[in-house]
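Peer 1: The structure file model-v5.pdb (PDB, C-alpha atoms) is provided below.
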```pdb
MODEL        1
ATOM      1  CA  MET A1006     -37.120  44.144 -81.297
ATOM      2  CA  LYS A1007     -37.658  40.622 -82.582
ATOM      3  CA  SER A1008     -40.885  39.601 -84.221
ATOM      4  CA  ALA A1009     -42.473  36.421 -85.559
ATOM      5  CA  VAL A1010     -45.242  35.878 -88.080
ATOM      6  CA  VAL A1011     -47.290  32.746 -87.411
ATOM      7  CA  VAL A1012     -48.814  31.024 -90.430
ATOM      8  CA  PHE A1013     -51.753  28.638 -90.459
ATOM      9  CA  PRO A1014     -52.886  26.794 -93.585
ATOM     10  CA  GLY A1015     -55.055  29.084 -95.676
ATOM     11  CA  LEU A1016     -53.574  32.397 -94.573
ATOM     12  CA  ASN A1017     -52.493  34.494 -97.547
ATOM     13  CA  ARG A1018     -51.405  37.877 -96.198
ATOM     14  CA  GLU A1019     -48.193  36.746 -94.540
ATOM     15  CA  ARG A1020     -45.931  38.096 -97.292
ATOM     16  CA  ASP A1021     -47.350  41.594 -96.974
ATOM     17  CA  MET A1022     -46.940  41.382 -93.208
ATOM     18  CA  ILE A1023     -43.335  40.163 -93.478
ATOM     19  CA  ALA A1024     -42.572  42.977 -95.930
ATOM     20  CA  ALA A1025     -44.048  45.583 -93.587
ATOM     21  CA  LEU A1026     -42.215  44.274 -90.502
ATOM     22  CA  THR A1027     -38.935  44.032 -92.426
ATOM     23  CA  LYS A1028     -39.208  47.443 -94.007
ATOM     24  CA  ILE A1029     -40.235  49.290 -90.870
ATOM     25  CA  GLY A1030     -38.404  47.248 -88.233
ATOM     26  CA  GLY A1031     -35.198  46.777 -90.213
ATOM     27  CA  THR A1032     -34.943  43.022 -89.614
ATOM     28  CA  PRO A1033     -37.109  40.300 -91.089
ATOM     29  CA  PRO A1034     -39.467  38.510 -88.693
ATOM     30  CA  ALA A1035     -39.146  34.799 -87.977
ATOM     31  CA  LEU A1036     -41.667  32.890 -90.053
ATOM     32  CA  VAL A1037     -43.306  30.174 -87.971
ATOM     33  CA  TRP A1038     -45.486  27.440 -89.426
ATOM     34  CA  HIS A1039     -48.224  26.424 -87.010
ATOM     35  CA  LYS A1040     -46.841  22.876 -86.749
ATOM     36  CA  ASP A1041     -43.345  24.028 -85.848
ATOM     37  CA  ALA A1042     -42.322  22.671 -82.496
ATOM     38  CA  GLU A1043     -41.197  25.992 -81.149
ATOM     39  CA  LEU A1044     -42.010  29.614 -81.328
ATOM     40  CA  PRO A1045     -38.777  31.617 -80.957
ATOM     41  CA  GLU A1046     -38.463  34.109 -78.108
ATOM     42  CA  VAL A1047     -39.720  37.321 -79.655
ATOM     43  CA  ASP A1048     -41.167  40.645 -78.513
ATOM     44  CA  LEU A1049     -43.987  40.685 -81.040
ATOM     45  CA  ILE A1050     -46.086  37.843 -82.455
ATOM     46  CA  VAL A1051     -48.181  38.611 -85.539
ATOM     47  CA  ILE A1052     -51.027  36.522 -86.933
ATOM     48  CA  PRO A1053     -51.706  37.805 -90.448
ATOM     49  CA  GLY A1054     -54.857  37.715 -92.539
ATOM     50  CA  GLY A1055     -56.304  35.194 -94.937
ATOM     51  CA  PHE A1056     -58.650  32.262 -94.698
ATOM     52  CA  SER A1057     -57.233  29.787 -92.195
ATOM     53  CA  TYR A1058     -58.709  26.317 -92.736
ATOM     54  CA  GLY A1059     -60.932  27.740 -95.457
ATOM     55  CA  ASP A1060     -63.043  29.586 -92.856
ATOM     56  CA  TYR A1061     -64.585  26.183 -92.077
ATOM     57  CA  LEU A1062     -66.991  26.046 -89.121
ATOM     58  CA  ARG A1063     -66.464  29.743 -88.266
ATOM     59  CA  CYS A1064     -63.732  32.135 -89.383
ATOM     60  CA  GLY A1065     -60.644  31.378 -87.294
ATOM     61  CA  ALA A1066     -62.332  28.627 -85.270
ATOM     62  CA  ILE A1067     -60.058  25.740 -86.253
ATOM     63  CA  ALA A1068     -56.793  27.707 -86.069
ATOM     64  CA  ALA A1069     -57.818  29.006 -82.638
ATOM     65  CA  ARG A1070     -57.867  25.426 -81.294
ATOM     66  CA  SER A1071     -54.413  24.478 -82.583
ATOM     67  CA  PRO A1072     -51.513  23.729 -80.207
ATOM     68  CA  MET A1073     -49.676  26.813 -81.514
ATOM     69  CA  MET A1074     -52.401  28.988 -80.020
ATOM     70  CA  ASP A1075     -51.690  27.564 -76.557
ATOM     71  CA  VAL A1076     -48.093  28.743 -76.971
ATOM     72  CA  ILE A1077     -49.267  32.181 -78.139
ATOM     73  CA  ARG A1078     -51.671  32.371 -75.185
ATOM     74  CA  GLU A1079     -48.828  31.622 -72.733
ATOM     75  CA  ARG A1080     -46.611  34.285 -74.296
ATOM     76  CA  ALA A1081     -49.457  36.818 -74.257
ATOM     77  CA  GLU A1082     -50.014  36.138 -70.559
ATOM     78  CA  LYS A1083     -46.330  36.930 -70.001
ATOM     79  CA  GLY A1084     -46.848  40.298 -71.671
ATOM     80  CA  VAL A1085     -45.489  39.578 -75.156
ATOM     81  CA  ARG A1086     -47.261  41.761 -77.696
ATOM     82  CA  VAL A1087     -49.579  40.004 -80.112
ATOM     83  CA  LEU A1088     -51.080  41.578 -83.226
ATOM     84  CA  GLY A1089     -53.817  39.810 -85.181
ATOM     85  CA  VAL A1090     -54.915  41.374 -88.444
ATOM     86  CA  CYS A1091     -58.155  40.399 -90.220
ATOM     87  CA  ASN A1092     -58.295  36.593 -89.956
ATOM     88  CA  GLY A1093     -55.708  37.031 -87.190
ATOM     89  CA  PHE A1094     -58.278  39.116 -85.274
ATOM     90  CA  GLN A1095     -60.916  36.437 -85.855
ATOM     91  CA  ILE A1096     -58.503  33.766 -84.590
ATOM     92  CA  LEU A1097     -57.743  35.798 -81.435
ATOM     93  CA  THR A1098     -61.440  36.212 -80.601
ATOM     94  CA  GLU A1099     -62.140  32.527 -81.286
ATOM     95  CA  ALA A1100     -59.213  31.629 -79.022
ATOM     96  CA  GLY A1101     -60.644  33.799 -76.258
ATOM     97  CA  LEU A1102     -57.613  36.120 -76.187
ATOM     98  CA  LEU A1103     -59.895  38.975 -77.150
ATOM     99  CA  PRO A1104     -63.549  39.513 -76.188
ATOM    100  CA  GLY A1105     -66.481  39.406 -78.599
ATOM    101  CA  ALA A1106     -66.865  37.852 -82.038
ATOM    102  CA  LEU A1107     -66.601  38.832 -85.701
ATOM    103  CA  MET A1108     -69.723  38.011 -87.636
ATOM    104  CA  ARG A1109     -70.801  38.110 -91.284
ATOM    105  CA  ASN A1110     -70.783  41.658 -92.680
ATOM    106  CA  ALA A1111     -74.209  43.274 -92.354
ATOM    107  CA  SER A1112     -74.237  43.766 -96.141
ATOM    108  CA  LEU A1113     -73.486  40.019 -96.604
ATOM    109  CA  LYS A1114     -70.858  41.130 -99.125
ATOM    110  CA  PHE A1115     -67.103  40.762 -99.085
ATOM    111  CA  VAL A1116     -65.761  44.300 -98.759
ATOM    112  CA  CYS A1117     -62.449  45.328-100.312
ATOM    113  CA  ARG A1118     -61.996  49.070-100.088
ATOM    114  CA  GLU A1119     -60.407  51.869 -98.150
ATOM    115  CA  VAL A1120     -61.968  53.082 -94.922
ATOM    116  CA  LYS A1121     -61.161  55.809 -92.433
ATOM    117  CA  LEU A1122     -60.180  54.900 -88.900
ATOM    118  CA  GLU A1123     -60.346  57.093 -85.856
ATOM    119  CA  VAL A1124     -57.672  56.482 -83.231
ATOM    120  CA  ALA A1125     -59.921  55.911 -80.229
ATOM    121  CA  ASN A1126     -57.067  55.242 -77.800
ATOM    122  CA  ALA A1127     -53.606  56.567 -78.624
ATOM    123  CA  ASN A1128     -52.213  55.363 -75.315
ATOM    124  CA  THR A1129     -51.349  51.780 -76.342
ATOM    125  CA  PRO A1130     -48.131  50.214 -77.677
ATOM    126  CA  PHE A1131     -49.932  49.775 -81.001
ATOM    127  CA  SER A1132     -51.272  53.287 -81.456
ATOM    128  CA  HIS A1133     -48.950  55.690 -79.624
ATOM    129  CA  ARG A1134     -47.475  57.027 -82.860
ATOM    130  CA  TYR A1135     -50.851  58.547 -83.656
ATOM    131  CA  ALA A1136     -52.681  61.420 -81.968
ATOM    132  CA  GLN A1137     -55.822  60.737 -79.969
ATOM    133  CA  GLY A1138     -58.775  61.202 -82.313
ATOM    134  CA  GLN A1139     -56.576  61.271 -85.422
ATOM    135  CA  VAL A1140     -58.291  59.918 -88.527
ATOM    136  CA  ILE A1141     -56.185  57.682 -90.769
ATOM    137  CA  ARG A1142     -56.820  55.859 -94.010
ATOM    138  CA  CYS A1143     -56.643  52.059 -94.081
ATOM    139  CA  PRO A1144     -57.656  49.293 -96.488
ATOM    140  CA  VAL A1145     -60.084  46.528 -95.493
ATOM    141  CA  ALA A1146     -60.738  43.180 -97.202
ATOM    142  CA  HIS A1147     -63.085  40.821 -95.391
ATOM    143  CA  HIS A1148     -66.411  39.034 -95.351
ATOM    144  CA  ASP A1149     -66.757  38.611 -91.588
ATOM    145  CA  GLY A1150     -65.688  41.762 -89.810
ATOM    146  CA  ASN A1151     -68.903  42.720 -88.066
ATOM    147  CA  TYR A1152     -67.798  43.088 -84.452
ATOM    148  CA  PHE A1153     -70.279  41.855 -81.883
ATOM    149  CA  ALA A1154     -70.168  41.637 -78.117
ATOM    150  CA  ASP A1155     -72.983  41.538 -75.578
ATOM    151  CA  ALA A1156     -73.960  44.836 -73.934
ATOM    152  CA  GLU A1157     -72.014  44.107 -70.755
ATOM    153  CA  THR A1158     -68.787  43.217 -72.598
ATOM    154  CA  LEU A1159     -69.170  46.209 -74.874
ATOM    155  CA  ALA A1160     -69.558  48.572 -71.906
ATOM    156  CA  GLU A1161     -66.521  46.976 -70.289
ATOM    157  CA  ILE A1162     -64.195  47.292 -73.280
ATOM    158  CA  GLU A1163     -65.368  50.853 -73.928
ATOM    159  CA  GLY A1164     -64.851  51.765 -70.277
ATOM    160  CA  ASN A1165     -61.369  50.232 -70.178
ATOM    161  CA  GLY A1166     -60.175  52.018 -73.308
ATOM    162  CA  GLN A1167     -59.803  48.693 -75.114
ATOM    163  CA  VAL A1168     -61.323  50.089 -78.310
ATOM    164  CA  VAL A1169     -58.223  51.375 -80.101
ATOM    165  CA  PHE A1170     -59.469  51.945 -83.650
ATOM    166  CA  ARG A1171     -62.963  52.797 -84.839
ATOM    167  CA  TYR A1172     -64.328  53.188 -88.352
ATOM    168  CA  THR A1173     -65.667  56.663 -88.956
ATOM    169  CA  PRO A1174     -69.470  56.172 -88.966
ATOM    170  CA  GLU A1175     -69.787  56.875 -92.695
ATOM    171  CA  THR A1176     -67.081  54.344 -93.644
ATOM    172  CA  ASN A1177     -68.088  51.468 -91.311
ATOM    173  CA  PRO A1178     -67.859  48.668 -93.897
ATOM    174  CA  ASN A1179     -69.515  45.835 -91.977
ATOM    175  CA  GLY A1180     -72.015  46.977 -89.353
ATOM    176  CA  SER A1181     -69.634  46.576 -86.387
ATOM    177  CA  LEU A1182     -71.140  47.632 -83.071
ATOM    178  CA  ASN A1183     -69.862  51.065 -81.974
ATOM    179  CA  HIS A1184     -67.981  51.110 -85.323
ATOM    180  CA  ILE A1185     -65.285  48.950 -83.720
ATOM    181  CA  ALA A1186     -62.334  48.123 -86.007
ATOM    182  CA  GLY A1187     -59.689  47.140 -83.460
ATOM    183  CA  ILE A1188     -59.579  46.209 -79.783
ATOM    184  CA  THR A1189     -57.046  45.104 -77.223
ATOM    185  CA  ASN A1190     -57.322  42.670 -74.352
ATOM    186  CA  ARG A1191     -57.699  44.026 -70.812
ATOM    187  CA  GLN A1192     -53.896  44.084 -70.302
ATOM    188  CA  GLY A1193     -53.427  46.028 -73.535
ATOM    189  CA  ASN A1194     -50.737  43.789 -75.063
ATOM    190  CA  VAL A1195     -52.923  41.933 -77.605
ATOM    191  CA  LEU A1196     -54.498  43.875 -80.483
ATOM    192  CA  GLY A1197     -56.970  42.532 -83.017
ATOM    193  CA  LEU A1198     -57.530  44.738 -86.041
ATOM    194  CA  MET A1199     -59.849  44.049 -88.959
ATOM    195  CA  PRO A1200     -58.263  46.501 -91.465
ATOM    196  CA  HIS A1201     -54.849  45.908 -93.063
ATOM    197  CA  PRO A1202     -52.329  48.577 -91.979
ATOM    198  CA  GLU A1203     -49.550  46.522 -93.628
ATOM    199  CA  ASN A1204     -51.020  47.493 -96.985
ATOM    200  CA  LEU A1205     -50.579  51.236 -96.525
ATOM    201  CA  ILE A1206     -46.981  51.730 -95.444
ATOM    202  CA  GLU A1207     -45.189  53.275 -98.423
ATOM    203  CA  PRO A1208     -45.812  55.789-101.199
ATOM    204  CA  ALA A1209     -46.224  52.946-103.708
ATOM    205  CA  HIS A1210     -49.267  51.855-101.681
ATOM    206  CA  GLY A1211     -50.732  55.324-102.074
ATOM    207  CA  GLY A1212     -49.989  56.352 -98.507
ATOM    208  CA  GLU A1213     -48.197  55.576 -95.275
ATOM    209  CA  ASP A1214     -51.001  55.865 -92.748
ATOM    210  CA  GLY A1215     -50.577  52.281 -91.535
ATOM    211  CA  LYS A1216     -46.885  52.670 -90.792
ATOM    212  CA  GLY A1217     -47.378  54.117 -87.308
ATOM    213  CA  ILE A1218     -48.654  50.839 -85.874
ATOM    214  CA  PHE A1219     -45.485  48.969 -86.867
ATOM    215  CA  ALA A1220     -43.133  51.869 -86.156
ATOM    216  CA  GLY A1221     -44.617  52.183 -82.685
ATOM    217  CA  LEU A1222     -44.112  48.488 -81.995
ATOM    218  CA  LEU A1223     -40.731  47.929 -83.601
ATOM    219  CA  ASN A1224     -38.702  51.085 -83.076
TER
ATOM    220  CA  MET B 209     -74.225   6.121 -80.989
ATOM    221  CA  LYS B 210     -75.686   8.810 -83.215
ATOM    222  CA  ALA B 211     -76.413  12.307 -82.109
ATOM    223  CA  ARG B 212     -77.483  15.593 -83.562
ATOM    224  CA  VAL B 213     -76.116  18.924 -82.399
ATOM    225  CA  ILE B 214     -78.007  22.078 -83.269
ATOM    226  CA  VAL B 215     -76.240  25.418 -83.012
ATOM    227  CA  THR B 216     -78.288  28.601 -83.209
ATOM    228  CA  LEU B 217     -77.536  32.291 -82.817
ATOM    229  CA  LYS B 218     -78.429  33.770 -79.466
ATOM    230  CA  ASN B 219     -81.349  36.163 -79.273
ATOM    231  CA  GLY B 220     -80.247  39.703 -79.957
ATOM    232  CA  VAL B 221     -77.358  38.700 -82.214
ATOM    233  CA  LEU B 222     -77.832  40.206 -85.653
ATOM    234  CA  ASP B 223     -78.326  37.533 -88.325
ATOM    235  CA  PRO B 224     -77.950  39.202 -91.729
ATOM    236  CA  GLN B 225     -78.041  35.812 -93.473
ATOM    237  CA  GLY B 226     -81.352  34.944 -91.808
ATOM    238  CA  GLN B 227     -82.690  38.346 -92.817
ATOM    239  CA  ALA B 228     -81.631  37.830 -96.434
ATOM    240  CA  ILE B 229     -83.325  34.409 -96.478
ATOM    241  CA  GLU B 230     -86.443  35.956 -94.983
ATOM    242  CA  GLY B 231     -86.469  38.596 -97.731
ATOM    243  CA  SER B 232     -86.015  35.958-100.400
ATOM    244  CA  LEU B 233     -88.876  33.863 -99.035
ATOM    245  CA  GLU B 234     -91.102  36.921 -99.120
ATOM    246  CA  GLY B 235     -89.990  37.500-102.706
ATOM    247  CA  LEU B 236     -91.112  33.963-103.545
ATOM    248  CA  GLY B 237     -94.552  34.773-102.248
ATOM    249  CA  PHE B 238     -94.376  33.196 -98.771
ATOM    250  CA  SER B 239     -96.123  36.138 -97.214
ATOM    251  CA  GLY B 240     -96.630  34.654 -93.747
ATOM    252  CA  VAL B 241     -92.926  34.461 -92.800
ATOM    253  CA  GLN B 242     -92.306  36.566 -89.714
ATOM    254  CA  SER B 243     -88.682  35.748 -88.966
ATOM    255  CA  VAL B 244     -85.843  33.467 -90.114
ATOM    256  CA  ARG B 245     -82.735  32.685 -88.059
ATOM    257  CA  GLN B 246     -80.006  30.583 -89.658
ATOM    258  CA  GLY B 247     -78.179  27.918 -87.657
ATOM    259  CA  LYS B 248     -76.045  24.811 -88.067
ATOM    260  CA  VAL B 249     -76.668  21.094 -87.630
ATOM    261  CA  PHE B 250     -73.912  18.562 -86.860
ATOM    262  CA  ASP B 251     -74.648  14.837 -87.103
ATOM    263  CA  VAL B 252     -72.078  13.109 -84.943
ATOM    264  CA  GLU B 253     -71.398   9.409 -84.536
ATOM    265  CA  LEU B 254     -69.476   8.549 -81.413
ATOM    266  CA  SER B 255     -68.734   5.634 -79.152
ATOM    267  CA  ALA B 256     -69.845   6.122 -75.571
ATOM    268  CA  PRO B 257     -70.979   3.713 -72.830
ATOM    269  CA  ASP B 258     -74.423   5.272 -72.566
ATOM    270  CA  SER B 259     -76.472   8.212 -73.769
ATOM    271  CA  VAL B 260     -75.868  10.265 -70.609
ATOM    272  CA  SER B 261     -72.099  10.206 -71.043
ATOM    273  CA  ALA B 262     -72.469  10.737 -74.809
ATOM    274  CA  LYS B 263     -74.546  13.830 -74.162
ATOM    275  CA  ALA B 264     -72.024  15.160 -71.656
ATOM    276  CA  GLU B 265     -69.184  14.546 -74.124
ATOM    277  CA  LEU B 266     -71.075  16.327 -76.923
ATOM    278  CA  GLU B 267     -71.786  19.288 -74.676
ATOM    279  CA  ARG B 268     -68.067  19.583 -73.992
ATOM    280  CA  MET B 269     -67.459  19.473 -77.780
ATOM    281  CA  CYS B 270     -69.943  22.313 -78.210
ATOM    282  CA  GLU B 271     -68.307  24.428 -75.545
ATOM    283  CA  LYS B 272     -64.822  23.816 -76.912
ATOM    284  CA  LEU B 273     -65.386  23.954 -80.661
ATOM    285  CA  LEU B 274     -68.778  23.377 -82.276
ATOM    286  CA  ALA B 275     -70.363  26.549 -80.913
ATOM    287  CA  ASN B 276     -68.935  29.977 -80.179
ATOM    288  CA  THR B 277     -70.759  30.590 -76.925
ATOM    289  CA  VAL B 278     -70.200  34.337 -77.241
ATOM    290  CA  ILE B 279     -72.818  34.406 -79.990
ATOM    291  CA  GLU B 280     -74.357  30.922 -80.201
ATOM    292  CA  ASN B 281     -76.500  28.504 -78.189
ATOM    293  CA  PHE B 282     -76.410  24.747 -78.693
ATOM    294  CA  ALA B 283     -78.696  21.791 -78.134
ATOM    295  CA  VAL B 284     -77.669  18.116 -78.124
ATOM    296  CA  GLU B 285     -80.016  15.335 -79.066
ATOM    297  CA  ILE B 286     -79.148  11.607 -78.903
ATOM    298  CA  ILE B 287     -80.796   9.903 -81.870
ATOM    299  CA  ASP B 288     -79.961   6.236 -81.226
TER
ENDMDL
END
```
Would you mind writing the file out in structure tokens?

Peer 2:
Amino acid sequence: MKSAVVVFPGLNRERDMIAALTKIGGTPPALVWHKDAELPEVDLIVIPGGFSYGDYLRCGAIAARSPMMDVIRERAEKGVRVLGVCNGFQILTEAGLLPGALMRNASLKFVCREVKLEVANANTPFSHRYAQGQVIRCPVAHHDGNYFADAETLAEIEGNGQVVFRYTPETNPNGSLNHIAGITNRQGNVLGLMPHPENLIEPAHGGEDGKGIFAGLLN
Amino acid sequence: MKARVIVTLKNGVLDPQGQAIEGSLEGLGFSGVQSVRQGKVFDVELSAPDSVSAKAELERMCEKLLANTVIENFAVEIID
């Protein structure tokens, strides 16, 4: 399983992502700068977290319009798996690869804490290492993670099983509709996730609850 | 040609920033405020043969970048 981590200016979580992919997958991912001419042929493309283009205009808006995203879109259409974490999730929604939008947290505050996630759909390439309904711990760190979609879209993604991870109601850190923390596209090969599973993969992190996402994709 | 683009949140989209501003205005004693919605203004200078084509071009800019049409509406105004 080959993976690549795509980096836009202003992202800052790529090292954690590379460490997680290397540790769990056994081989380091290719690191691709957004201006690189080519994205290598890989099975998994990861867009990590951070603040691409300083969150100017809207979080992820500028990165989503870059030529690299056209390449990622083409690969996603061919079935290549794409994982966007935090700002990566925002970029994927802005690019139209995932439905809905991530808005300012209802509290207006940046939240950096641990939440609990319920596995709402364990039948995806990203979540099959977990049990349906299992509750896992996961850190979050964001200012704009408040998932919004119109009623019709929301009903559609719920009906299709596209909601993969949900905050438990008491730990919803941002006011997301239906407590949504992570969704896939209709085909199920693109996942956007607001929390940071790459930061809970070894005992030194205080737990390994996030490991299953990477283990399920890489092994 | 100069134009102004106004981007606003669609009705029904939660605007916690607008709500915070509303609360602050109330705190300052502006008791008549019933609602505040925060938006964005873009002043754009562009070259275009006429205002009709400028407006069409700006609307394409809104759809492609300036607004996220999932959550926002936009209005284009040609100033001169």

Peer 1: Determine, using only C-alpha atoms, which residues of chain B have any atom at most 7 Å from an atom of chain A, and tabulate each with its shortest atom pair and distance in Å to one decimal place, rows ordered by chain and then rising number, as JSON lines.

Peer 2:
```
{"residue": "B:Pro224", "atom": "CA", "partner": "A:Ala1111", "partner_atom": "CA", "distance": 5.6}
{"residue": "B:Gln225", "atom": "CA", "partner": "A:Leu1113", "partner_atom": "CA", "distance": 6.9}
{"residue": "B:Val278", "atom": "CA", "partner": "A:Gly1105", "partner_atom": "CA", "distance": 6.4}
```

Peer 1: Need the shell around B:Ala275: protein/DNA/RNA residues with any atom at most 12 Å away, counting all atoms listed in the file. Skip same-chain ones fewer than 2 positions apart. Format as a ChimeraX atom specification?

Peer 2: /A:1062-1063,1066-1067,1099,1106 /B:213-218,247-250,266-273,277-284

Peer 1: Name every residue that the PyMOL selection byres ((chain A and resi 1205) around 12) selects in this structure, writing the answer as a ChimeraX atom specification with chains first and numbers rising.

Peer 2: /A:1021-1022,1024-1025,1029,1119-1120,1141-1145,1200-1204,1206-1219

Peer 1: Do you know which residues are at most 12 Å from stretch 1160-1164 of chain A counting only C-alpha atoms, after dropping those on the same chain fewer than 2 positions away, and could you put them as JSON, numbers by chain?

Peer 2: {"A": [1103, 1104, 1105, 1125, 1126, 1153, 1154, 1155, 1156, 1157, 1158, 1166, 1167, 1168, 1169, 1170, 1171, 1182, 1183, 1184, 1185, 1187, 1188, 1189, 1190, 1191, 1192, 1193]}

Peer 1: Mind listing as a PyMOL selection string all residues within 12 Å of (-35.5, 40.0, -74.9), counting only C-alpha atoms?

Peer 2: chain A and resi 1006-1008+1045-1049+1084-1085

Peer 1: Generate the missing atoms of stretch 1072-1088 of chain A up to N, CA and C atoms and report them as a CSV table (one decimal), keeping the file's coordinate frame.

Peer 2:
```
chain,number,residue,atom,x,y,z
A,1072,PRO,N,-52.5,23.7,-81.3
A,1072,PRO,CA,-51.5,23.7,-80.2
A,1072,PRO,C,-50.7,25.0,-80.2
A,1073,MET,N,-50.4,25.6,-81.4
A,1073,MET,CA,-49.7,26.8,-81.5
A,1073,MET,C,-50.4,28.0,-80.7
A,1074,MET,N,-51.7,27.9,-80.7
A,1074,MET,CA,-52.4,29.0,-80.0
A,1074,MET,C,-52.2,28.9,-78.5
A,1075,ASP,N,-52.0,27.7,-78.0
A,1075,ASP,CA,-51.7,27.6,-76.6
A,1075,ASP,C,-50.4,28.3,-76.2
A,1076,VAL,N,-49.4,28.1,-77.2
A,1076,VAL,CA,-48.1,28.7,-77.0
A,1076,VAL,C,-48.3,30.3,-77.0
A,1077,ILE,N,-49.0,30.7,-78.0
A,1077,ILE,CA,-49.3,32.2,-78.1
A,1077,ILE,C,-50.0,32.7,-76.9
A,1078,ARG,N,-50.9,31.9,-76.4
A,1078,ARG,CA,-51.7,32.4,-75.2
A,1078,ARG,C,-50.7,32.5,-74.0
A,1079,GLU,N,-49.8,31.6,-73.8
A,1079,GLU,CA,-48.8,31.6,-72.7
A,1079,GLU,C,-48.0,32.9,-72.9
A,1080,ARG,N,-47.5,33.1,-74.1
A,1080,ARG,CA,-46.6,34.3,-74.3
A,1080,ARG,C,-47.4,35.6,-74.0
A,1081,ALA,N,-48.6,35.6,-74.5
A,1081,ALA,CA,-49.5,36.8,-74.3
A,1081,ALA,C,-49.6,37.1,-72.8
A,1082,GLU,N,-49.8,36.0,-72.0
A,1082,GLU,CA,-50.0,36.1,-70.6
A,1082,GLU,C,-48.7,36.7,-69.9
A,1083,LYS,N,-47.6,36.4,-70.5
A,1083,LYS,CA,-46.3,36.9,-70.0
A,1083,LYS,C,-46.1,38.4,-70.4
A,1084,GLY,N,-47.0,38.9,-71.3
A,1084,GLY,CA,-46.8,40.3,-71.7
A,1084,GLY,C,-46.3,40.5,-73.1
A,1085,VAL,N,-46.0,39.4,-73.8
A,1085,VAL,CA,-45.5,39.6,-75.2
A,1085,VAL,C,-46.6,40.2,-76.0
A,1086,ARG,N,-46.2,41.1,-76.9
A,1086,ARG,CA,-47.3,41.8,-77.7
A,1086,ARG,C,-47.7,40.9,-78.8
A,1087,VAL,N,-49.0,40.8,-79.1
A,1087,VAL,CA,-49.6,40.0,-80.1
A,1087,VAL,C,-50.5,40.9,-81.0
A,1088,LEU,N,-50.3,40.8,-82.3
A,1088,LEU,CA,-51.1,41.6,-83.2
A,1088,LEU,C,-51.8,40.6,-84.2
```
